[in-house]
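Heads up: the structure comes next, in structure tokens.
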Amino acid sequence: MEEALKVLGLEIPKKGSSTDYFIDLIEKGIPKRSLQRAKRATGFTYVILGRLLSVSAKTIERKKPNERFDDTASERLIKLAEIIALGREALGSDEALQQWLLRPLRPLGGKQPVEIMKNMYGLEAVKQLLGRAKYGVYS
């Protein structure tokens, strides 16, 4: 989880307080500047990011860097950051992750990972798939 916070440029919690920290972080909301970091890592447009976060692209564009997203979008942004961190580790670079996210994959029924990341279940499925790739377990 620390790697996900690094992806977003957020503070790492002190030992022993991570659950409270994440609850507070999600309730307070994650700022747009953190989304910008995820945008650079994935190469996604605001339209795609909006779909993943359940926020319109226009809403994202209008936000100032310090403005925060609601709890639903913040929770999804943390999950996306987990995918980015795991992808960097498993695939070696943001460029490799960008290509992987747009590649149709057999374990996803021939769909691209980005296609199924529109809800928490899809985000988790992509995260699990990257976790298997990290350990060389290909399906």
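By order of appearance in the structure tokens: chains A, B, ..., then residues from 1 within every chain, and ligands from 1 in the order shown.
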Need to verify the contact set: Leu101 in chain A, 8 Å, only C-alpha atoms, exclusion of same-chain residues closer than 5 positions in sequence. Can you return it as a VMD selection string? chain A and resid 112 to 114
Distance of CA of Pro31 in chain A from CA of Lys64 in chain A, expressed in Å to one decimal place: 8.6 Å
Backbone-only DSSP, alpha helix (DSSP H) members of range 53-127 of chain A, as a PyMOL selection string: chain A and resi 53+57-62+71-91+94-101+113-116+120-127
Close residues, Arg33 in chain A itself excluded, 9 Å, only C-alpha atoms, min 4 positions apart in chain, as an NGL selection string: :A and (8-9 or 37 or 64-68)
Would you export the selected residues with all heavy atoms as a PDB file, in the first residue's frame, please?
ATOM      1  N   LEU A   8       0.951   8.177  -5.935  1.00  0.00           N
ATOM      2  CA  LEU A   8       0.086   9.353  -5.873  1.00  0.00           C
ATOM      3  C   LEU A   8       0.761  10.570  -5.248  1.00  0.00           C
ATOM      4  O   LEU A   8       0.169  11.647  -5.183  1.00  0.00           O
ATOM      5  CB  LEU A   8      -1.193   9.015  -5.098  1.00  0.00           C
ATOM      6  CG  LEU A   8      -2.074   7.929  -5.719  1.00  0.00           C
ATOM      7  CD1 LEU A   8      -3.230   7.584  -4.793  1.00  0.00           C
ATOM      8  CD2 LEU A   8      -2.565   8.353  -7.091  1.00  0.00           C
ATOM      9  N   GLY A   9       1.992  10.391  -4.775  1.00  0.00           N
ATOM     10  CA  GLY A   9       2.707  11.497  -4.145  1.00  0.00           C
ATOM     11  C   GLY A   9       2.121  11.888  -2.804  1.00  0.00           C
ATOM     12  O   GLY A   9       2.173  13.049  -2.406  1.00  0.00           O
ATOM     13  N   ARG A  37      -0.522  12.438 -11.389  1.00  0.00           N
ATOM     14  CA  ARG A  37       0.588  11.473 -11.331  1.00  0.00           C
ATOM     15  C   ARG A  37       0.157  10.129 -11.911  1.00  0.00           C
ATOM     16  O   ARG A  37       0.898   9.491 -12.646  1.00  0.00           O
ATOM     17  CB  ARG A  37       1.077  11.332  -9.888  1.00  0.00           C
ATOM     18  CG  ARG A  37       1.724  12.611  -9.355  1.00  0.00           C
ATOM     19  CD  ARG A  37       2.038  12.501  -7.882  1.00  0.00           C
ATOM     20  NE  ARG A  37       3.037  11.499  -7.631  1.00  0.00           N
ATOM     21  CZ  ARG A  37       4.307  11.746  -7.329  1.00  0.00           C
ATOM     22  NH1 ARG A  37       4.734  12.985  -7.251  1.00  0.00           N
ATOM     23  NH2 ARG A  37       5.152  10.762  -7.107  1.00  0.00           N
ATOM     24  N   LYS A  64      -9.074  22.217  -9.628  1.00  0.00           N
ATOM     25  CA  LYS A  64      -7.743  22.791  -9.421  1.00  0.00           C
ATOM     26  C   LYS A  64      -6.871  21.703  -8.782  1.00  0.00           C
ATOM     27  O   LYS A  64      -7.390  20.752  -8.200  1.00  0.00           O
ATOM     28  CB  LYS A  64      -7.844  24.014  -8.525  1.00  0.00           C
ATOM     29  CG  LYS A  64      -8.568  25.178  -9.197  1.00  0.00           C
ATOM     30  CD  LYS A  64      -8.642  26.367  -8.262  1.00  0.00           C
ATOM     31  CE  LYS A  64      -9.237  27.564  -8.942  1.00  0.00           C
ATOM     32  NZ  LYS A  64     -10.681  27.484  -9.123  1.00  0.00           N
ATOM     33  N   PRO A  65      -5.535  21.820  -8.874  1.00  0.00           N
ATOM     34  CA  PRO A  65      -4.652  20.761  -8.361  1.00  0.00           C
ATOM     35  C   PRO A  65      -4.891  20.351  -6.911  1.00  0.00           C
ATOM     36  O   PRO A  65      -4.732  19.185  -6.567  1.00  0.00           O
ATOM     37  CB  PRO A  65      -3.251  21.356  -8.531  1.00  0.00           C
ATOM     38  CG  PRO A  65      -3.394  22.307  -9.678  1.00  0.00           C
ATOM     39  CD  PRO A  65      -4.790  22.886  -9.539  1.00  0.00           C
ATOM     40  N   ASN A  66      -5.303  21.278  -6.047  1.00  0.00           N
ATOM     41  CA  ASN A  66      -5.508  20.934  -4.638  1.00  0.00           C
ATOM     42  C   ASN A  66      -6.940  20.529  -4.306  1.00  0.00           C
ATOM     43  O   ASN A  66      -7.213  20.107  -3.180  1.00  0.00           O
ATOM     44  CB  ASN A  66      -5.076  22.090  -3.732  1.00  0.00           C
ATOM     45  CG  ASN A  66      -3.571  22.231  -3.712  1.00  0.00           C
ATOM     46  OD1 ASN A  66      -2.847  21.248  -3.837  1.00  0.00           O
ATOM     47  ND2 ASN A  66      -3.105  23.447  -3.581  1.00  0.00           N
ATOM     48  N   GLU A  67      -7.849  20.657  -5.266  1.00  0.00           N
ATOM     49  CA  GLU A  67      -9.229  20.237  -5.024  1.00  0.00           C
ATOM     50  C   GLU A  67      -9.288  18.711  -4.922  1.00  0.00           C
ATOM     51  O   GLU A  67      -8.578  18.002  -5.627  1.00  0.00           O
ATOM     52  CB  GLU A  67     -10.161  20.720  -6.134  1.00  0.00           C
ATOM     53  CG  GLU A  67     -10.518  22.177  -6.025  1.00  0.00           C
ATOM     54  CD  GLU A  67     -11.570  22.559  -7.041  1.00  0.00           C
ATOM     55  OE1 GLU A  67     -12.772  22.363  -6.763  1.00  0.00           O
ATOM     56  OE2 GLU A  67     -11.181  23.041  -8.121  1.00  0.00           O
ATOM     57  N   ARG A  68     -10.192  18.239  -4.088  1.00  0.00           N
ATOM     58  CA  ARG A  68     -10.250  16.813  -3.772  1.00  0.00           C
ATOM     59  C   ARG A  68     -11.453  16.135  -4.421  1.00  0.00           C
ATOM     60  O   ARG A  68     -12.476  16.749  -4.649  1.00  0.00           O
ATOM     61  CB  ARG A  68     -10.282  16.624  -2.263  1.00  0.00           C
ATOM     62  CG  ARG A  68      -9.000  17.136  -1.617  1.00  0.00           C
ATOM     63  CD  ARG A  68      -9.034  17.040  -0.113  1.00  0.00           C
ATOM     64  NE  ARG A  68      -7.809  17.554   0.447  1.00  0.00           N
ATOM     65  CZ  ARG A  68      -6.689  16.850   0.567  1.00  0.00           C
ATOM     66  NH1 ARG A  68      -6.656  15.593   0.190  1.00  0.00           N
ATOM     67  NH2 ARG A  68      -5.617  17.390   1.080  1.00  0.00           N
TER      68      ARG A  68
END
Taking only C-alpha atoms into account, which of A:Ala125, A:Leu105, A:Ile26, A:Leu52 comes nearest Leu80 in chain A?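 The closest residue to Leu80 in chain A is A:Leu52.
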Using only C-alpha atoms, I'd like a table of the residues in range 56-123 of chain A that come within 10 Å of range 10-23 of chain A; for each, show the closest atom pair and its distance in Å rounded to one decimal, ordered by chain and ascending number, as a tab-separated table.
residue	atom	partner	partner_atom	distance
A:Asp71	CA	A:Ile23	CA	9.5
A:Glu75	CA	A:Phe22	CA	9.1
A:Ile78	CA	A:Phe22	CA	9.3
Shell of 12 Å around Lys79 in chain A, only C-alpha atoms, local chain residues under 5 positions omitted, as number ranges by chain: A: 1, 3-5, 7-8, 22, 26, 35, 38, 52-53, 72-74, 84-86, 117-128
Write out the residues from the selection above, keeping N, CA, C and O atoms, as a compact mmCIF listing (two decimals), in the first residue's frame.
# COMPACT_ATOMS: atom_id res chain seq x y z
N MET A 1 0.81 -1.18 0.00
CA MET A 1 0.00 0.00 0.00
C MET A 1 0.86 1.26 0.00
O MET A 1 0.47 2.27 -0.56
N GLU A 3 3.55 1.72 -1.64
CA GLU A 3 3.93 2.01 -3.03
C GLU A 3 2.81 2.76 -3.75
O GLU A 3 3.09 3.64 -4.57
N ALA A 4 1.57 2.43 -3.45
CA ALA A 4 0.44 3.14 -4.06
C ALA A 4 0.44 4.60 -3.62
O ALA A 4 0.19 5.50 -4.44
N LEU A 5 0.75 4.85 -2.36
CA LEU A 5 0.82 6.23 -1.87
C LEU A 5 1.95 6.99 -2.56
O LEU A 5 1.80 8.16 -2.90
N VAL A 7 3.05 6.41 -5.58
CA VAL A 7 2.57 6.68 -6.93
C VAL A 7 1.78 7.98 -6.95
O VAL A 7 1.93 8.80 -7.87
N LEU A 8 0.95 8.18 -5.94
CA LEU A 8 0.09 9.35 -5.87
C LEU A 8 0.76 10.57 -5.25
O LEU A 8 0.17 11.65 -5.18
N PHE A 22 -5.85 5.43 5.97
CA PHE A 22 -6.55 5.24 4.70
C PHE A 22 -8.02 5.62 4.79
O PHE A 22 -8.57 6.20 3.86
N ILE A 26 -9.42 8.62 2.41
CA ILE A 26 -10.54 8.43 1.48
C ILE A 26 -11.69 9.38 1.83
O ILE A 26 -12.29 9.98 0.95
N LEU A 35 -4.08 12.58 -8.98
CA LEU A 35 -4.61 11.99 -10.21
C LEU A 35 -3.68 12.28 -11.38
O LEU A 35 -3.48 11.43 -12.24
N ALA A 38 -1.06 9.70 -11.58
CA ALA A 38 -1.58 8.44 -12.13
C ALA A 38 -1.79 8.57 -13.64
O ALA A 38 -1.54 7.63 -14.39
N LEU A 52 -13.03 5.31 -15.04
CA LEU A 52 -12.51 4.47 -13.97
C LEU A 52 -12.90 4.98 -12.58
O LEU A 52 -13.08 4.20 -11.65
N LEU A 53 -13.03 6.31 -12.46
CA LEU A 53 -13.32 6.91 -11.16
C LEU A 53 -14.80 7.27 -10.96
O LEU A 53 -15.18 7.77 -9.91
N THR A 72 -15.80 7.99 -3.18
CA THR A 72 -15.85 6.91 -4.18
C THR A 72 -14.71 7.03 -5.17
O THR A 72 -13.98 6.05 -5.43
N ALA A 73 -14.52 8.20 -5.72
CA ALA A 73 -13.43 8.42 -6.68
C ALA A 73 -12.08 8.25 -6.00
O ALA A 73 -11.15 7.67 -6.59
N SER A 74 -11.95 8.69 -4.77
CA SER A 74 -10.68 8.56 -4.04
C SER A 74 -10.32 7.09 -3.80
O SER A 74 -9.17 6.68 -3.96
N ILE A 84 -0.86 0.52 -10.60
CA ILE A 84 0.32 1.16 -11.18
C ILE A 84 1.58 0.67 -10.48
O ILE A 84 2.56 0.28 -11.12
N ALA A 85 1.56 0.67 -9.15
CA ALA A 85 2.74 0.23 -8.38
C ALA A 85 3.07 -1.23 -8.68
O ALA A 85 4.24 -1.58 -8.92
N LEU A 86 2.06 -2.08 -8.70
CA LEU A 86 2.28 -3.50 -8.99
C LEU A 86 2.74 -3.69 -10.43
O LEU A 86 3.61 -4.51 -10.71
N MET A 117 -11.84 -2.21 -15.86
CA MET A 117 -11.47 -1.48 -14.64
C MET A 117 -12.50 -0.41 -14.26
O MET A 117 -12.20 0.49 -13.50
N LYS A 118 -13.73 -0.54 -14.72
CA LYS A 118 -14.75 0.48 -14.48
C LYS A 118 -15.44 0.35 -13.13
O LYS A 118 -16.23 1.19 -12.74
N ASN A 119 -15.16 -0.73 -12.42
CA ASN A 119 -15.72 -0.90 -11.08
C ASN A 119 -14.68 -1.57 -10.19
O ASN A 119 -13.64 -2.01 -10.66
N MET A 120 -14.98 -1.65 -8.90
CA MET A 120 -14.00 -2.19 -7.95
C MET A 120 -13.67 -3.65 -8.24
O MET A 120 -12.54 -4.08 -8.08
N TYR A 121 -14.65 -4.42 -8.69
CA TYR A 121 -14.40 -5.82 -9.01
C TYR A 121 -13.41 -5.93 -10.17
O TYR A 121 -12.48 -6.74 -10.12
N GLY A 122 -13.59 -5.12 -11.20
CA GLY A 122 -12.68 -5.13 -12.34
C GLY A 122 -11.29 -4.64 -11.97
O GLY A 122 -10.28 -5.22 -12.40
N LEU A 123 -11.22 -3.61 -11.15
CA LEU A 123 -9.92 -3.12 -10.68
C LEU A 123 -9.18 -4.21 -9.91
O LEU A 123 -7.99 -4.43 -10.10
N GLU A 124 -9.93 -4.92 -9.06
CA GLU A 124 -9.31 -6.00 -8.27
C GLU A 124 -8.86 -7.16 -9.18
O GLU A 124 -7.81 -7.75 -8.95
N ALA A 125 -9.65 -7.49 -10.20
CA ALA A 125 -9.28 -8.56 -11.13
C ALA A 125 -7.99 -8.22 -11.86
O ALA A 125 -7.11 -9.09 -12.03
N VAL A 126 -7.83 -6.98 -12.28
CA VAL A 126 -6.61 -6.55 -12.96
C VAL A 126 -5.43 -6.60 -12.00
O VAL A 126 -4.34 -7.05 -12.35
N LYS A 127 -5.65 -6.16 -10.77
CA LYS A 127 -4.59 -6.21 -9.76
C LYS A 127 -4.14 -7.65 -9.52
O LYS A 127 -2.94 -7.93 -9.44
N GLN A 128 -5.08 -8.57 -9.41
CA GLN A 128 -4.73 -9.98 -9.20
C GLN A 128 -3.96 -10.55 -10.39
O GLN A 128 -3.01 -11.31 -10.21
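When only C-alpha atoms are used to measure the gap to Thr45 in chain A, the shortest distance among A:Glu61, A:Ala133, A:Glu115, A:Lys28 belongs to A:Glu61.
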Counting only C-alpha atoms, which residue out of A:Glu89, A:Leu129, A:Phe69, A:Glu95 sits closest to Pro107 in chain A?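 Between A:Glu89, A:Leu129, A:Phe69, A:Glu95, the residue approaching Pro107 in chain A most closely is A:Leu129.
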Could you list, as an NGL selection string, every residue within 7 Å of Arg88 in chain A, counting only C-alpha atoms and ignoring same-chain residues fewer than 5 positions away? :A and (93-94 or 97)
The distance between CA of Gln99 in chain A and CA of Gly29 in chain A is 29.2 Å
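CA of Val137 in chain A is positioned 24.2 Å from CA of Ala41 in chain A.
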Per DSSP on the backbone, what are the strand (DSSP E or B) residues of range 13-136 of chain A, as a PyMOL selection string? chain A and resi 31+68+105+111
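The residue set within 12 Å of Lys58 in chain A, counting only C-alpha atoms and dropping same-chain residues fewer than 4 places from it, reads Thr45, Tyr46, Val47, Ile48, Leu49, Gly50, Arg51, Ser54, Arg62 and Lys63 of chain A.
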With C-alpha atoms retained, write the just-selected residues as a compact mmCIF listing (two decimals), in the first residue's frame.
# COMPACT_ATOMS: atom_id res chain seq x y z
CA THR A 45 -6.92 10.50 -20.94
CA TYR A 46 -9.33 12.28 -18.62
CA VAL A 47 -12.16 10.47 -20.40
CA ILE A 48 -10.72 7.07 -19.48
CA LEU A 49 -9.80 8.18 -15.96
CA GLY A 50 -13.29 9.59 -15.52
CA ARG A 51 -14.79 6.21 -16.44
CA SER A 54 -17.04 7.42 -11.97
CA ARG A 62 -12.30 21.88 -13.95
CA LYS A 63 -10.72 20.82 -10.66
Pick out the closest residue to Tyr135 in chain A from this set: A:Leu91, A:Arg103, A:Ala96, A:Gly110. Count only C-alpha atoms.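 Once distances to Tyr135 in chain A are computed over only C-alpha atoms, the minimum belongs to A:Leu91.
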